[in-house]
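Let me begin by presenting the structure, written as structure tokens, before commenting on it.
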Amino acid sequence: LAAAARRPIRELPDELISQIAAGEVVERPASVVRELVDNALDAGATQVTLRLLAGGVRLISVEDDGQGILRDELPIAFKRHATSKIGSLHDLESVATMGFRGEALAAINSIADCAILSRASGINDAYLLDGRTGELKPVARSQGTTVEVKELFYSTPARRKFLKTDATELAHCIEAVRRHALARPDVGFAIWHEGKLVEQWRKCVVEGEPTDPLAALDQRLSDVLGPEFLAQSVRVDWHSKQANEYGQPALRVWGRAGVPDAARSRADQQFCYVNGRFVRDKVLTHAARSAYEDVLHGNRQPVYALYVAMDPTRVDVNVHPTKIEVRFRDSREVHQAVRHAVEDTLAAPRAAAAAGAVD
Ligand code: ADP
Ligand code: MG
């Protein structure tokens, strides 16, 4: 190998740093959708509306009714490593929000034409910030935030070439929202594509009225995955005997597990959440699969939506920029919990009774 010519060490410009970060977080329009919906939920939104053009490549607009962003903070939102969610290492160790890295908006703004429109709670004015020019101007809107992302990857044509058809990209965007929707029955979601309403999941709780969270979840699971999912699954509701410092169970596992007959050839209805975050995790998938060991054979894939709640200091979500991977402090404990939760459910007489009967 020829000796490389010596080049000076230089600090990269901010824009380029963000574009590099974007490479990690933004693979396709659905990645932007996930980040923007995360932000809407972190802001306390109860209704999230997406508007897409060309599978999200031409436009992704995510509108929420959350707490909004103050005028003076709007320009900071687009800055790298700028976040309102953590301020110390201590916060990082017990993070309760979906976001905390302060990278998404900066990264997205470096590879697309972005704008934020926002009206903060308790404030009568709304402002629009142009991400490219930094121009700030007054607009009219109700409380909440809309982030608009246009012409994704315009500056990185190599990335753009990897995109699939609009229909495929749209399907990925819908899937991204679906994962959020399954975790938040208390929030309404709507997706518009090319001016047409393509998906809508209404809030499953009535404000001011007491709701049974498990019933609200059942409703959402039925709305999103179909009434068949509900009819062919049984309720999981398990908690560890060990209590945390607040006297609550240290570990909780709930949701629904499909009866063996509901198993499919593809693993496309397996949803796992940890503290409200959709995750792909080997410990959880393996634990769920092992609960079906004696009742499912060959390559049949069980269906389930499982939610794990645990002390945030016992799970590290800062493993990967997309936060889809987590690391448990005690993965054996979590594995056993999930396995028991599902096994107990499947062993219960009601589960053994014919599939098809609604639990
Ligand atoms: P992070 O979510 O990790 O904090 P982001 O780059 O996604 O980083 O967002 C930066 C900041 O912008 C957030 O911390 C939040 O204060 C603000 N923000 C972004 N989106 C919204 C929104 N929809 N509503 C209110 N604030 C928002
Ligand atoms: Mg975020």
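Labels for the structure tokens follow display order: chains A, B, ..., residues from 1 in each chain, ligands from 1.
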Contacts of Arg339 of chain A at 6 Å or less, counting only C-alpha atoms, minus same-chain residues fewer than 3 places along, as a PyMOL selection string?
chain A and resi 287-288+291+336+342-343
Given the selection you just returned, output its residues as a file containing N, CA and C atoms, formatted as a PDB file, in the first residue's frame.
ATOM      1  N   ALA A 287     -37.396 -14.987  25.112  1.00  0.00           N
ATOM      2  CA  ALA A 287     -38.238 -15.325  26.264  1.00  0.00           C
ATOM      3  C   ALA A 287     -39.659 -15.633  25.803  1.00  0.00           C
ATOM      4  N   ALA A 288     -40.187 -14.812  24.916  1.00  0.00           N
ATOM      5  CA  ALA A 288     -41.556 -15.029  24.434  1.00  0.00           C
ATOM      6  C   ALA A 288     -41.628 -16.347  23.660  1.00  0.00           C
ATOM      7  N   ALA A 291     -41.725 -19.444  25.792  1.00  0.00           N
ATOM      8  CA  ALA A 291     -43.004 -19.706  26.454  1.00  0.00           C
ATOM      9  C   ALA A 291     -43.909 -20.579  25.577  1.00  0.00           C
ATOM     10  N   GLN A 336     -36.837 -14.256  32.437  1.00  0.00           N
ATOM     11  CA  GLN A 336     -37.732 -15.083  33.250  1.00  0.00           C
ATOM     12  C   GLN A 336     -39.096 -14.445  33.410  1.00  0.00           C
ATOM     13  N   VAL A 342     -45.942 -14.989  29.917  1.00  0.00           N
ATOM     14  CA  VAL A 342     -46.620 -15.581  28.760  1.00  0.00           C
ATOM     15  C   VAL A 342     -47.035 -17.018  29.049  1.00  0.00           C
ATOM     16  N   GLU A 343     -46.138 -17.773  29.679  1.00  0.00           N
ATOM     17  CA  GLU A 343     -46.458 -19.177  29.987  1.00  0.00           C
ATOM     18  C   GLU A 343     -47.691 -19.293  30.865  1.00  0.00           C
TER      19      GLU A 343
END
Glu93 of chain A environment, 7 Å, only C-alpha atoms, sequence neighbours closer than 3 positions dropped, as a PyMOL selection string:
chain A and resi 89-90+313
Could you save the residues just selected, with C-alpha atoms, as a PDB file, in the first residue's frame?
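Wrote out_33.pdb, looks like this:
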ATOM      1  CA  LEU A  89     -25.612  12.128  33.577  1.00  0.00           C
ATOM      2  CA  HIS A  90     -28.058  11.423  36.354  1.00  0.00           C
ATOM      3  CA  THR A 313     -31.959   2.646  35.854  1.00  0.00           C
TER       4      THR A 313
END
So which residues touch Gln200 of chain A within 12 Å, counting only C-alpha atoms, skipping near sequence neighbours fewer than 2 positions away, as a ChimeraX atom specification?
/A:47-50,174,177-178,181,187-193,196-198,202-203,220,223-224
Please report as a tab-separated table every residue of segment 263-292 of chain A lying within 12 Å of segment 226-246 of chain A, along with the nearest atom pair and their distance in Å (one decimal), using only C-alpha atoms.
residue	atom	partner	partner_atom	distance
A:Ala263	CA	A:Gln232	CA	9.5
A:Arg264	CA	A:Phe229	CA	11.6
A:Gln269	CA	A:Phe229	CA	9.1
A:Gln270	CA	A:Phe229	CA	11.3
A:Ala288	CA	A:Val236	CA	11.7
Residues within 6 Å of ligand 2 should be enumerated using only C-alpha atoms and all ligand atoms and returned as JSON, numbers by chain.
{"A": [35, 38, 39, 99, 104]}
